[in-house]
2 protein chains.
Amino acid sequence: MMPTLLLDKQKCLTNIERMAQKAHHNQLSFRPHFKTHQSAEIGSWFRDFGVSGITVSSFRMAQYFAAAGWKDILVAFPFNPLDIRQLNELSKSARISILLDNPDTLDFLTSLEQSTHFYVDVDTGYGRTGIKSENRDEIERLLSAAGDNQKLHFRGFYCHAGHSYKSSDPNRRWAIHEKSMRNLGALKSQFKHLEPLALYGDTPNCSTQCDFSGIDEITPGNFIFYDLTQMMLGSCSPNDVAVAMACPVSGTYPARKQLLIHGGGIHFSKESLQMGNKLVFGQVVSNSGKGWSIPEEQNFITSLSQEHGVLEQCGTLFDQTRIGDTLLLLPIHSCMCANLMRDFQTLEGKIITSINS
Amino acid sequence: MMPTLLLDKQKCLTNIERMAQKAHHNQLSFRPHFKTHQSAEIGSWFRDFGVSGITVSSFRMAQYFAAAGWKDILVAFPFNPLDIRQLNELSKSARISILLDNPDTLDFLTSLEQSTHFYVDVDTGYGRTGIKSENRDEIERLLSAAGDNQKLHFRGFYCHAGHSYKSSDPNRRWAIHEKSMRNLGALKSQFKHLEPLALYGDTPNCSTQCDFSGIDEITPGNFIFYDLTQMMLGSCSPNDVAVAMACPVSGTYPARKQLLIHGGGIHFSKESLQMGNKLVFGQVVSNSGKGWSIPEEQNFITSLSQEHGVLEQCGTLFDQTRIGDTLLLLPIHSCMCANLMRDFQTLEGKIITSINS
């Protein structure tokens, strides 16, 4: 038996429904990010909740989901000029929208064949990509240059406030959210003659904030699965986490109450969380017969190599565990774990494939 | 264009030849670990250097390489009882050897169908798996219990001194190596009536140590590619690194001299190295026309998300780089990067597939 990524479909549906309702109550359009699951079948679950537009982070994903019938796809990555052929090809059958944050990119878009929507990527403090939201001049220069391309149509502003992932303090996260909304609101007002939309929404903020004034569309992805990182941030309750790894136990080491699982960095990814003075790579949950539940005793993967996972100082779990058993564990970052695992297995035993299968 | 893993085949061949010669000069058998490349084609390059036995870390890999014609395969992971069916199946066509470090595992080996070699996994200080090499009683108990299974044949001791990866101090690494050799030598002598072999060898020690007294066989893997981690440890010279990522540049941010590449955690993995006070995820190299070389100015990936790679404070590289360019970068850990990338592209443009293709 290999490490297996278990999926609780009911939890996924509940997570989708909760976010779809939140969008609805706030008069927000809902364009979920599909990089989390990268699966046509899982993607199809969103249709029942009224979703027709999606977000992806590469043209490879855009191709995959276009082939699965999605007709409105935002590639939320500053447009890579070397993808121009893929953009032209895909735009024949779907409305592909792109992000721009630099006039230099426009030189490569003169060979655009289809009418294409674009959003200006704006940065409200994350510092990864985008034009600083306060920098109106730079945005105007980009819009003016883009105006020379008859095929390009400005649709609005896109913002990923990913720094929300890095703060465990809810007040700090609220401040990040509030600033993002304020800045996006200001941009909408400054450019109101162009009727821009404001697209926004990481999972922590979309899960926990209540006020989305000035936002038109939210684009979270991780919320369908959640994970240990989101649990620790308070984005979800422990019972909302919809994926868990099943890993065989191959070794027991009484002197250090240590367990060895088959499940390493090529399964969980090397994403880690700081817990007190140590890094952890996954947390043990209890098999509840139909799914899993969070036990009182906390046990973590404390080191990972390529195929090995090591759990140190395991307390009563050590005494209860035998070689040949299977442990269930929540991943630190479900997007990265799912990307590595490729296939999902539902609690009913059905295999669900992904772009990587 | 997607991020692409470039492979310098000539460097690989030189790296293999150097290690094969080192084994030969030290009268060591050479059983390279194939988890690094996981590629039948790359594996075949070893045959010209006299390699006939290999090491892998899962039954999935064992199946793949057995199908590629390898007849002598050590699965260097404490045997996972849930793999008994695969072991029986594979053993019909190849000699599969396993690792044991716990008598409890023997309960699952009563259904062994073919004669099977095993090695006792011993721990000389790494603390991941294995019986402490000083613990002769525990080893004797395991050997005695294994003696009841007529299909199981003891072949020797296996040791992975993986703590060598964690020390940047050559003296400390020498001490790790010396203790491992001493402990393995003592075990060979204590159990000499059983004529045990001693299998040993991580890439840092196999690359840099000179004395392998008491060792019979070395099992390094990473050395075929090396990477930034090995460069920093001094296991190789910068020019020995045989893999580099080619990533398109999608964004330039003058205020912070920052570049954005398409190349994230699903390409490089989230392995990182501490450099001064920051974590880095890859280092820029110069395109030398035919391959790459190490430039004087050092530039690193300073943060990675799923698809985004960010290089901050890039110095003259920033001024020389345009959107639409491609950067070449050395990965932190080539095994993890190759596992994610699946395919290799040689400098001549040939695609080489792997188990993950």
# chains A, B, ... in the order shown; residues from 1 in each chain; ligands from 1

call {"tool": "select_by_dssp", "arguments": {"residues": "segment 93-280 of chain B", "states": "strand (DSSP E or B)", "output": "PDB file with N, CA and C atoms, in the first residue's frame"}}
result
ATOM      1  N   ARG B  95      15.811 -10.235  -8.060  1.00  0.00           N
ATOM      2  CA  ARG B  95      16.188 -10.439  -6.662  1.00  0.00           C
ATOM      3  C   ARG B  95      15.929  -9.144  -5.905  1.00  0.00           C
ATOM      4  N   ILE B  96      14.853  -9.143  -5.144  1.00  0.00           N
ATOM      5  CA  ILE B  96      14.488  -7.966  -4.350  1.00  0.00           C
ATOM      6  C   ILE B  96      15.021  -8.191  -2.934  1.00  0.00           C
ATOM      7  N   SER B  97      15.825  -7.259  -2.450  1.00  0.00           N
ATOM      8  CA  SER B  97      16.291  -7.315  -1.065  1.00  0.00           C
ATOM      9  C   SER B  97      15.536  -6.275  -0.256  1.00  0.00           C
ATOM     10  N   ILE B  98      15.366  -6.571   1.027  1.00  0.00           N
ATOM     11  CA  ILE B  98      14.612  -5.645   1.878  1.00  0.00           C
ATOM     12  C   ILE B  98      15.429  -5.270   3.110  1.00  0.00           C
ATOM     13  N   LEU B  99      14.968  -4.250   3.800  1.00  0.00           N
ATOM     14  CA  LEU B  99      15.555  -3.851   5.083  1.00  0.00           C
ATOM     15  C   LEU B  99      14.622  -4.269   6.217  1.00  0.00           C
ATOM     16  N   LEU B 100      15.218  -4.706   7.318  1.00  0.00           N
ATOM     17  CA  LEU B 100      14.441  -5.002   8.529  1.00  0.00           C
ATOM     18  C   LEU B 100      15.099  -4.302   9.707  1.00  0.00           C
ATOM     19  N   THR B 116      14.359 -14.580  -0.083  1.00  0.00           N
ATOM     20  CA  THR B 116      14.563 -13.122  -0.073  1.00  0.00           C
ATOM     21  C   THR B 116      15.732 -12.723   0.823  1.00  0.00           C
ATOM     22  N   HIS B 117      16.607 -11.899   0.293  1.00  0.00           N
ATOM     23  CA  HIS B 117      17.708 -11.363   1.101  1.00  0.00           C
ATOM     24  C   HIS B 117      17.223 -10.199   1.951  1.00  0.00           C
ATOM     25  N   PHE B 118      17.782 -10.099   3.140  1.00  0.00           N
ATOM     26  CA  PHE B 118      17.499  -8.893   3.922  1.00  0.00           C
ATOM     27  C   PHE B 118      18.771  -8.357   4.557  1.00  0.00           C
ATOM     28  N   TYR B 119      18.744  -7.061   4.793  1.00  0.00           N
ATOM     29  CA  TYR B 119      19.803  -6.364   5.520  1.00  0.00           C
ATOM     30  C   TYR B 119      19.192  -5.808   6.797  1.00  0.00           C
ATOM     31  N   VAL B 120      19.969  -5.790   7.852  1.00  0.00           N
ATOM     32  CA  VAL B 120      19.520  -5.118   9.067  1.00  0.00           C
ATOM     33  C   VAL B 120      19.850  -3.630   8.929  1.00  0.00           C
ATOM     34  N   ASP B 121      18.817  -2.821   9.063  1.00  0.00           N
ATOM     35  CA  ASP B 121      18.990  -1.368   9.007  1.00  0.00           C
ATOM     36  C   ASP B 121      19.595  -0.935  10.339  1.00  0.00           C
ATOM     37  N   VAL B 122      20.778  -0.342  10.292  1.00  0.00           N
ATOM     38  CA  VAL B 122      21.403   0.108  11.542  1.00  0.00           C
ATOM     39  C   VAL B 122      21.594   1.617  11.536  1.00  0.00           C
ATOM     40  N   ASP B 123      21.520   2.160  12.727  1.00  0.00           N
ATOM     41  CA  ASP B 123      21.541   3.610  12.929  1.00  0.00           C
ATOM     42  C   ASP B 123      22.832   3.988  13.649  1.00  0.00           C
ATOM     43  N   ILE B 131      18.191  -0.051  13.888  1.00  0.00           N
ATOM     44  CA  ILE B 131      18.584  -0.401  15.255  1.00  0.00           C
ATOM     45  C   ILE B 131      19.902   0.295  15.547  1.00  0.00           C
ATOM     46  N   LYS B 132      20.014   0.887  16.716  1.00  0.00           N
ATOM     47  CA  LYS B 132      21.273   1.546  17.093  1.00  0.00           C
ATOM     48  C   LYS B 132      22.420   0.554  16.892  1.00  0.00           C
ATOM     49  N   LEU B 152      13.932 -16.274   4.406  1.00  0.00           N
ATOM     50  CA  LEU B 152      14.687 -15.041   4.647  1.00  0.00           C
ATOM     51  C   LEU B 152      16.170 -15.324   4.836  1.00  0.00           C
ATOM     52  N   HIS B 153      17.013 -14.595   4.145  1.00  0.00           N
ATOM     53  CA  HIS B 153      18.458 -14.805   4.240  1.00  0.00           C
ATOM     54  C   HIS B 153      19.165 -13.506   4.582  1.00  0.00           C
ATOM     55  N   PHE B 154      19.845 -13.519   5.702  1.00  0.00           N
ATOM     56  CA  PHE B 154      20.583 -12.339   6.163  1.00  0.00           C
ATOM     57  C   PHE B 154      21.797 -12.096   5.278  1.00  0.00           C
ATOM     58  N   ARG B 155      21.914 -10.834   4.789  1.00  0.00           N
ATOM     59  CA  ARG B 155      23.051 -10.511   3.920  1.00  0.00           C
ATOM     60  C   ARG B 155      24.005  -9.511   4.547  1.00  0.00           C
ATOM     61  N   GLY B 156      23.534  -8.750   5.522  1.00  0.00           N
ATOM     62  CA  GLY B 156      24.451  -7.791   6.114  1.00  0.00           C
ATOM     63  C   GLY B 156      23.740  -6.607   6.737  1.00  0.00           C
ATOM     64  N   PHE B 157      24.503  -5.509   6.844  1.00  0.00           N
ATOM     65  CA  PHE B 157      23.996  -4.311   7.514  1.00  0.00           C
ATOM     66  C   PHE B 157      23.905  -3.156   6.519  1.00  0.00           C
ATOM     67  N   TYR B 158      22.850  -2.373   6.691  1.00  0.00           N
ATOM     68  CA  TYR B 158      22.658  -1.196   5.852  1.00  0.00           C
ATOM     69  C   TYR B 158      22.610   0.026   6.748  1.00  0.00           C
ATOM     70  N   CYS B 159      23.331   1.070   6.360  1.00  0.00           N
ATOM     71  CA  CYS B 159      23.338   2.297   7.161  1.00  0.00           C
ATOM     72  C   CYS B 159      23.277   3.519   6.256  1.00  0.00           C
ATOM     73  N   LEU B 197      27.752  -8.297   4.838  1.00  0.00           N
ATOM     74  CA  LEU B 197      28.242  -7.140   4.095  1.00  0.00           C
ATOM     75  C   LEU B 197      27.867  -5.869   4.855  1.00  0.00           C
ATOM     76  N   ALA B 198      28.630  -4.801   4.600  1.00  0.00           N
ATOM     77  CA  ALA B 198      28.256  -3.489   5.145  1.00  0.00           C
ATOM     78  C   ALA B 198      27.948  -2.551   3.987  1.00  0.00           C
ATOM     79  N   LEU B 199      26.680  -2.120   3.911  1.00  0.00           N
ATOM     80  CA  LEU B 199      26.234  -1.186   2.866  1.00  0.00           C
ATOM     81  C   LEU B 199      26.084   0.196   3.499  1.00  0.00           C
ATOM     82  N   TYR B 200      26.545   1.186   2.805  1.00  0.00           N
ATOM     83  CA  TYR B 200      26.662   2.499   3.420  1.00  0.00           C
ATOM     84  C   TYR B 200      26.793   3.531   2.318  1.00  0.00           C
ATOM     85  N   GLU B 217      29.977  -1.985   0.249  1.00  0.00           N
ATOM     86  CA  GLU B 217      29.177  -1.508  -0.875  1.00  0.00           C
ATOM     87  C   GLU B 217      28.695  -0.098  -0.553  1.00  0.00           C
ATOM     88  N   ILE B 218      28.732   0.803  -1.542  1.00  0.00           N
ATOM     89  CA  ILE B 218      28.202   2.154  -1.307  1.00  0.00           C
ATOM     90  C   ILE B 218      26.921   2.369  -2.116  1.00  0.00           C
ATOM     91  N   VAL B 243      21.873  19.499 -13.208  1.00  0.00           N
ATOM     92  CA  VAL B 243      20.498  19.896 -13.520  1.00  0.00           C
ATOM     93  C   VAL B 243      20.298  21.382 -13.237  1.00  0.00           C
ATOM     94  N   ALA B 244      19.466  21.999 -14.056  1.00  0.00           N
ATOM     95  CA  ALA B 244      19.096  23.398 -13.814  1.00  0.00           C
ATOM     96  C   ALA B 244      17.685  23.605 -14.337  1.00  0.00           C
ATOM     97  N   MET B 245      16.967  24.472 -13.649  1.00  0.00           N
ATOM     98  CA  MET B 245      15.605  24.793 -14.079  1.00  0.00           C
ATOM     99  C   MET B 245      15.655  25.982 -15.034  1.00  0.00           C
ATOM    100  N   ALA B 246      14.881  25.907 -16.113  1.00  0.00           N
ATOM    101  CA  ALA B 246      14.708  27.048 -17.015  1.00  0.00           C
ATOM    102  C   ALA B 246      13.315  27.612 -16.766  1.00  0.00           C
ATOM    103  N   CYS B 247      13.249  28.869 -16.334  1.00  0.00           N
ATOM    104  CA  CYS B 247      11.968  29.475 -15.938  1.00  0.00           C
ATOM    105  C   CYS B 247      11.756  30.809 -16.631  1.00  0.00           C
ATOM    106  N   PRO B 248      10.580  31.008 -17.223  1.00  0.00           N
ATOM    107  CA  PRO B 248      10.286  32.281 -17.886  1.00  0.00           C
ATOM    108  C   PRO B 248      10.119  33.418 -16.881  1.00  0.00           C
ATOM    109  N   VAL B 249      10.558  34.597 -17.270  1.00  0.00           N
ATOM    110  CA  VAL B 249      10.394  35.799 -16.445  1.00  0.00           C
ATOM    111  C   VAL B 249       9.076  36.469 -16.831  1.00  0.00           C
ATOM    112  N   SER B 250       8.205  36.650 -15.832  1.00  0.00           N
ATOM    113  CA  SER B 250       6.875  37.210 -16.082  1.00  0.00           C
ATOM    114  C   SER B 250       6.678  38.586 -15.497  1.00  0.00           C
ATOM    115  N   GLY B 251       7.592  39.011 -14.641  1.00  0.00           N
ATOM    116  CA  GLY B 251       7.396  40.313 -14.013  1.00  0.00           C
ATOM    117  C   GLY B 251       8.705  40.927 -13.563  1.00  0.00           C
ATOM    118  N   THR B 252       8.767  42.275 -13.618  1.00  0.00           N
ATOM    119  CA  THR B 252       9.935  43.004 -13.110  1.00  0.00           C
ATOM    120  C   THR B 252       9.411  44.143 -12.251  1.00  0.00           C
ATOM    121  N   TYR B 253      10.011  44.344 -11.074  1.00  0.00           N
ATOM    122  CA  TYR B 253       9.508  45.312 -10.097  1.00  0.00           C
ATOM    123  C   TYR B 253      10.676  46.171  -9.639  1.00  0.00           C
ATOM    124  N   GLN B 258      13.127  43.430  -8.105  1.00  0.00           N
ATOM    125  CA  GLN B 258      12.569  42.092  -7.928  1.00  0.00           C
ATOM    126  C   GLN B 258      12.147  41.517  -9.263  1.00  0.00           C
ATOM    127  N   LEU B 259      12.423  40.231  -9.456  1.00  0.00           N
ATOM    128  CA  LEU B 259      11.981  39.526 -10.649  1.00  0.00           C
ATOM    129  C   LEU B 259      10.975  38.457 -10.256  1.00  0.00           C
ATOM    130  N   LEU B 260      10.002  38.244 -11.147  1.00  0.00           N
ATOM    131  CA  LEU B 260       9.036  37.164 -10.953  1.00  0.00           C
ATOM    132  C   LEU B 260       9.267  36.122 -12.032  1.00  0.00           C
ATOM    133  N   ILE B 261       9.434  34.875 -11.622  1.00  0.00           N
ATOM    134  CA  ILE B 261       9.521  33.796 -12.609  1.00  0.00           C
ATOM    135  C   ILE B 261       8.316  32.875 -12.485  1.00  0.00           C
ATOM    136  N   HIS B 262       7.967  32.232 -13.611  1.00  0.00           N
ATOM    137  CA  HIS B 262       7.039  31.115 -13.516  1.00  0.00           C
ATOM    138  C   HIS B 262       7.888  29.917 -13.123  1.00  0.00           C
ATOM    139  N   LEU B 273      17.387  26.533   1.653  1.00  0.00           N
ATOM    140  CA  LEU B 273      18.705  26.585   2.307  1.00  0.00           C
ATOM    141  C   LEU B 273      18.798  27.900   3.050  1.00  0.00           C
ATOM    142  N   GLN B 274      19.389  27.872   4.223  1.00  0.00           N
ATOM    143  CA  GLN B 274      19.627  29.107   4.966  1.00  0.00           C
ATOM    144  C   GLN B 274      20.893  29.761   4.407  1.00  0.00           C
ATOM    145  N   MET B 275      20.759  31.001   3.959  1.00  0.00           N
ATOM    146  CA  MET B 275      21.926  31.749   3.456  1.00  0.00           C
ATOM    147  C   MET B 275      21.980  33.044   4.254  1.00  0.00           C
ATOM    148  N   LYS B 278      18.617  34.685   5.489  1.00  0.00           N
ATOM    149  CA  LYS B 278      17.404  34.406   4.716  1.00  0.00           C
ATOM    150  C   LYS B 278      17.383  32.993   4.150  1.00  0.00           C
ATOM    151  N   LEU B 279      16.163  32.514   3.881  1.00  0.00           N
ATOM    152  CA  LEU B 279      15.980  31.226   3.228  1.00  0.00           C
ATOM    153  C   LEU B 279      15.986  31.437   1.722  1.00  0.00           C
ATOM    154  N   VAL B 280      16.653  30.547   1.002  1.00  0.00           N
ATOM    155  CA  VAL B 280      16.616  30.639  -0.461  1.00  0.00           C
ATOM    156  C   VAL B 280      16.153  29.301  -1.044  1.00  0.00           C
TER     157      VAL B 280
END

call {"tool": "residues_around", "arguments": {"residues": "Ala145 of chain A", "least_positions_apart": "6", "cutoff": "10 Å", "atoms": "only C-alpha atoms", "output": "list in words"}}
result
Asn102, Pro103, Asp104, Leu106, Asp107 and Ile139 of chain A

call {"tool": "write_last_selection", "arguments": {"atoms": "C-alpha atoms", "output": "compact mmCIF listing (two decimals), in the first residue's frame"}}
result
# COMPACT_ATOMS: atom_id res chain seq x y z
CA ASN A 102 3.82 45.89 -16.63
CA PRO A 103 3.60 47.76 -19.96
CA ASP A 104 6.59 45.74 -21.24
CA LEU A 106 2.20 44.53 -24.04
CA ASP A 107 4.95 44.20 -26.67
CA ILE A 139 -1.70 52.04 -13.41

call {"tool": "interface_residues", "arguments": {"of": "chain B", "to": "chain A", "cutoff": "6 Å", "atoms": "only C-alpha atoms", "output": "PDB file with C-alpha atoms, in the first residue's frame"}}
result
ATOM      1  CA  MET B   1       6.642  27.860 -22.142  1.00  0.00           C
ATOM      2  CA  PRO B  78      12.168  -0.629   6.569  1.00  0.00           C
ATOM      3  CA  ASN B  80       6.273  -2.031   4.956  1.00  0.00           C
ATOM      4  CA  PRO B  81       4.120  -5.105   5.630  1.00  0.00           C
ATOM      5  CA  LEU B  82       1.404  -3.768   3.362  1.00  0.00           C
ATOM      6  CA  ASP B  83       3.831  -4.288   0.450  1.00  0.00           C
ATOM      7  CA  SER B 250       6.875  37.210 -16.082  1.00  0.00           C
ATOM      8  CA  LYS B 270       9.706  23.865  -1.039  1.00  0.00           C
ATOM      9  CA  GLY B 324       9.923  37.281 -21.770  1.00  0.00           C
TER      10      GLY B 324
END

call {"tool": "select_by_dssp", "arguments": {"residues": "segment 75-236 of chain A", "states": "alpha helix (DSSP H)", "output": "PyMOL selection string"}}
result
chain A and resi 84-90+136-146+170-190+203-208+228-233

call {"tool": "residues_around", "arguments": {"residues": "Ala62 of chain A", "least_positions_apart": "3", "cutoff": "10 Å", "atoms": "only C-alpha atoms", "output": "VMD selection string"}}
result
chain A and resid 34 to 35 38 54 to 59 65 to 68 70 to 75 86 to 87 90 94 96

call {"tool": "write_last_selection", "arguments": {"atoms": "N, CA and C atoms", "output": "mmCIF file, in the first residue's frame"}}
result
data_model
loop_
_atom_site.group_PDB
_atom_site.id
_atom_site.type_symbol
_atom_site.label_atom_id
_atom_site.label_comp_id
_atom_site.auth_asym_id
_atom_site.auth_seq_id
_atom_site.Cartn_x
_atom_site.Cartn_y
_atom_site.Cartn_z
ATOM 1 N N PHE A 34 -8.952 27.092 -8.927
ATOM 2 C CA PHE A 34 -8.922 25.633 -9.083
ATOM 3 C C PHE A 34 -7.520 25.037 -8.957
ATOM 4 N N LYS A 35 -6.521 25.871 -8.606
ATOM 5 C CA LYS A 35 -5.173 25.313 -8.430
ATOM 6 C C LYS A 35 -5.110 24.363 -7.242
ATOM 7 N N GLN A 38 -7.030 20.974 -8.906
ATOM 8 C CA GLN A 38 -6.566 20.663 -10.259
ATOM 9 C C GLN A 38 -7.267 19.421 -10.833
ATOM 10 N N ILE A 54 -13.924 30.560 -13.402
ATOM 11 C CA ILE A 54 -12.932 29.998 -12.484
ATOM 12 C C ILE A 54 -11.601 30.735 -12.607
ATOM 13 N N THR A 55 -10.758 30.503 -11.622
ATOM 14 C CA THR A 55 -9.414 31.058 -11.594
ATOM 15 C C THR A 55 -8.425 29.892 -11.636
ATOM 16 N N VAL A 56 -7.334 30.070 -12.392
ATOM 17 C CA VAL A 56 -6.241 29.079 -12.399
ATOM 18 C C VAL A 56 -4.931 29.867 -12.359
ATOM 19 N N SER A 57 -3.806 29.147 -12.219
ATOM 20 C CA SER A 57 -2.537 29.884 -12.098
ATOM 21 C C SER A 57 -1.537 29.548 -13.203
ATOM 22 N N SER A 58 -1.970 28.784 -14.206
ATOM 23 C CA SER A 58 -1.060 28.520 -15.333
ATOM 24 C C SER A 58 -1.894 28.207 -16.572
ATOM 25 N N PHE A 59 -1.261 28.332 -17.730
ATOM 26 C CA PHE A 59 -1.959 27.975 -18.960
ATOM 27 C C PHE A 59 -2.163 26.467 -19.075
ATOM 28 N N PHE A 65 -8.811 22.719 -17.818
ATOM 29 C CA PHE A 65 -10.188 23.016 -17.423
ATOM 30 C C PHE A 65 -11.029 23.477 -18.614
ATOM 31 N N ALA A 66 -10.405 24.073 -19.612
ATOM 32 C CA ALA A 66 -11.154 24.403 -20.831
ATOM 33 C C ALA A 66 -11.620 23.109 -21.493
ATOM 34 N N ALA A 67 -10.744 22.118 -21.498
ATOM 35 C CA ALA A 67 -11.112 20.822 -22.079
ATOM 36 C C ALA A 67 -12.239 20.169 -21.281
ATOM 37 N N ALA A 68 -12.335 20.534 -20.002
ATOM 38 C CA ALA A 68 -13.410 19.988 -19.157
ATOM 39 C C ALA A 68 -14.686 20.815 -19.261
ATOM 40 N N TRP A 70 -15.050 24.357 -19.094
ATOM 41 C CA TRP A 70 -15.158 25.690 -18.491
ATOM 42 C C TRP A 70 -14.902 26.744 -19.568
ATOM 43 N N LYS A 71 -15.764 27.768 -19.610
ATOM 44 C CA LYS A 71 -15.732 28.743 -20.700
ATOM 45 C C LYS A 71 -15.250 30.117 -20.266
ATOM 46 N N ASP A 72 -14.998 30.292 -18.973
ATOM 47 C CA ASP A 72 -14.637 31.617 -18.454
ATOM 48 C C ASP A 72 -13.525 31.423 -17.432
ATOM 49 N N ILE A 73 -12.286 31.597 -17.876
ATOM 50 C CA ILE A 73 -11.126 31.215 -17.063
ATOM 51 C C ILE A 73 -10.167 32.387 -16.925
ATOM 52 N N LEU A 74 -9.898 32.752 -15.696
ATOM 53 C CA LEU A 74 -8.889 33.787 -15.417
ATOM 54 C C LEU A 74 -7.568 33.098 -15.071
ATOM 55 N N VAL A 75 -6.508 33.422 -15.823
ATOM 56 C CA VAL A 75 -5.180 32.898 -15.504
ATOM 57 C C VAL A 75 -4.513 33.935 -14.593
ATOM 58 N N GLN A 86 -0.415 29.630 -26.508
ATOM 59 C CA GLN A 86 -1.475 28.957 -25.748
ATOM 60 C C GLN A 86 -2.685 29.885 -25.549
ATOM 61 N N LEU A 87 -2.398 31.165 -25.290
ATOM 62 C CA LEU A 87 -3.503 32.117 -25.099
ATOM 63 C C LEU A 87 -4.335 32.219 -26.377
ATOM 64 N N LEU A 90 -6.279 28.816 -26.905
ATOM 65 C CA LEU A 90 -7.370 28.590 -25.945
ATOM 66 C C LEU A 90 -8.517 29.576 -26.133
ATOM 67 N N ALA A 94 -12.751 29.445 -25.383
ATOM 68 C CA ALA A 94 -13.165 29.901 -24.047
ATOM 69 C C ALA A 94 -12.761 31.360 -23.876
ATOM 70 N N ILE A 96 -10.650 33.543 -22.062
ATOM 71 C CA ILE A 96 -9.491 33.520 -21.176
ATOM 72 C C ILE A 96 -9.167 34.958 -20.794
#

call {"tool": "residues_around", "arguments": {"residues": "segment 291-294 of chain B", "least_positions_apart": "5", "cutoff": "8 Å", "atoms": "only C-alpha atoms", "output": "NGL selection string"}}
result
:B and (8 or 238-239 or 284-286 or 328 or 347)

call {"tool": "write_last_selection", "arguments": {"atoms": "C-alpha atoms", "output": "short mmCIF file (atom, residue, chain, number, x, y, z; two decimals), in the first residue's frame"}}
result
data_model
loop_
_atom_site.label_atom_id
_atom_site.label_comp_id
_atom_site.auth_asym_id
_atom_site.auth_seq_id
_atom_site.Cartn_x
_atom_site.Cartn_y
_atom_site.Cartn_z
CA ASP B 8 23.56 18.13 -18.73
CA PRO B 238 29.67 24.27 -8.77
CA ASN B 239 30.38 22.95 -12.25
CA VAL B 284 20.54 31.85 -10.73
CA VAL B 285 23.21 30.58 -13.13
CA SER B 286 24.30 32.05 -16.46
CA LEU B 328 18.36 29.28 -15.40
CA LEU B 347 21.03 20.29 -23.57
#

call {"tool": "closest_residue", "arguments": {"among": "A:Asn222, A:Ser354, A:Ser207, A:Gln313", "to": "Lys22 of chain A", "atoms": "only C-alpha atoms"}}
result
A:Ser207

call {"tool": "atom_distance", "arguments": {"atom1": "atom CA of Pro170 of chain B", "atom2": "atom CA of Gly282 of chain B"}}
result
22.9 Å

call {"tool": "closest_residue", "arguments": {"among": "A:Leu109, A:Leu187, A:Leu194, A:Ala175", "to": "Asn135 of chain A", "atoms": "only C-alpha atoms"}}
result
A:Leu187

call {"tool": "residues_around", "arguments": {"residues": "Cys206 of chain A", "least_positions_apart": "4", "cutoff": "10 Å", "atoms": "only C-alpha atoms", "output": "VMD selection string"}}
result
chain A and resid 19 22 to 23 177 200 to 202 210 to 212 218 to 221 223 235

call {"tool": "closest_residue", "arguments": {"among": "B:Leu112, B:Leu6, B:Ala338, B:Cys314", "to": "Ile355 of chain B", "atoms": "only C-alpha atoms"}}
result
B:Ala338

call {"tool": "residues_around", "arguments": {"residues": "Phe46 of chain A", "least_positions_apart": "5", "cutoff": "12 Å", "atoms": "only C-alpha atoms", "output": "count of residues only"}}
result
25
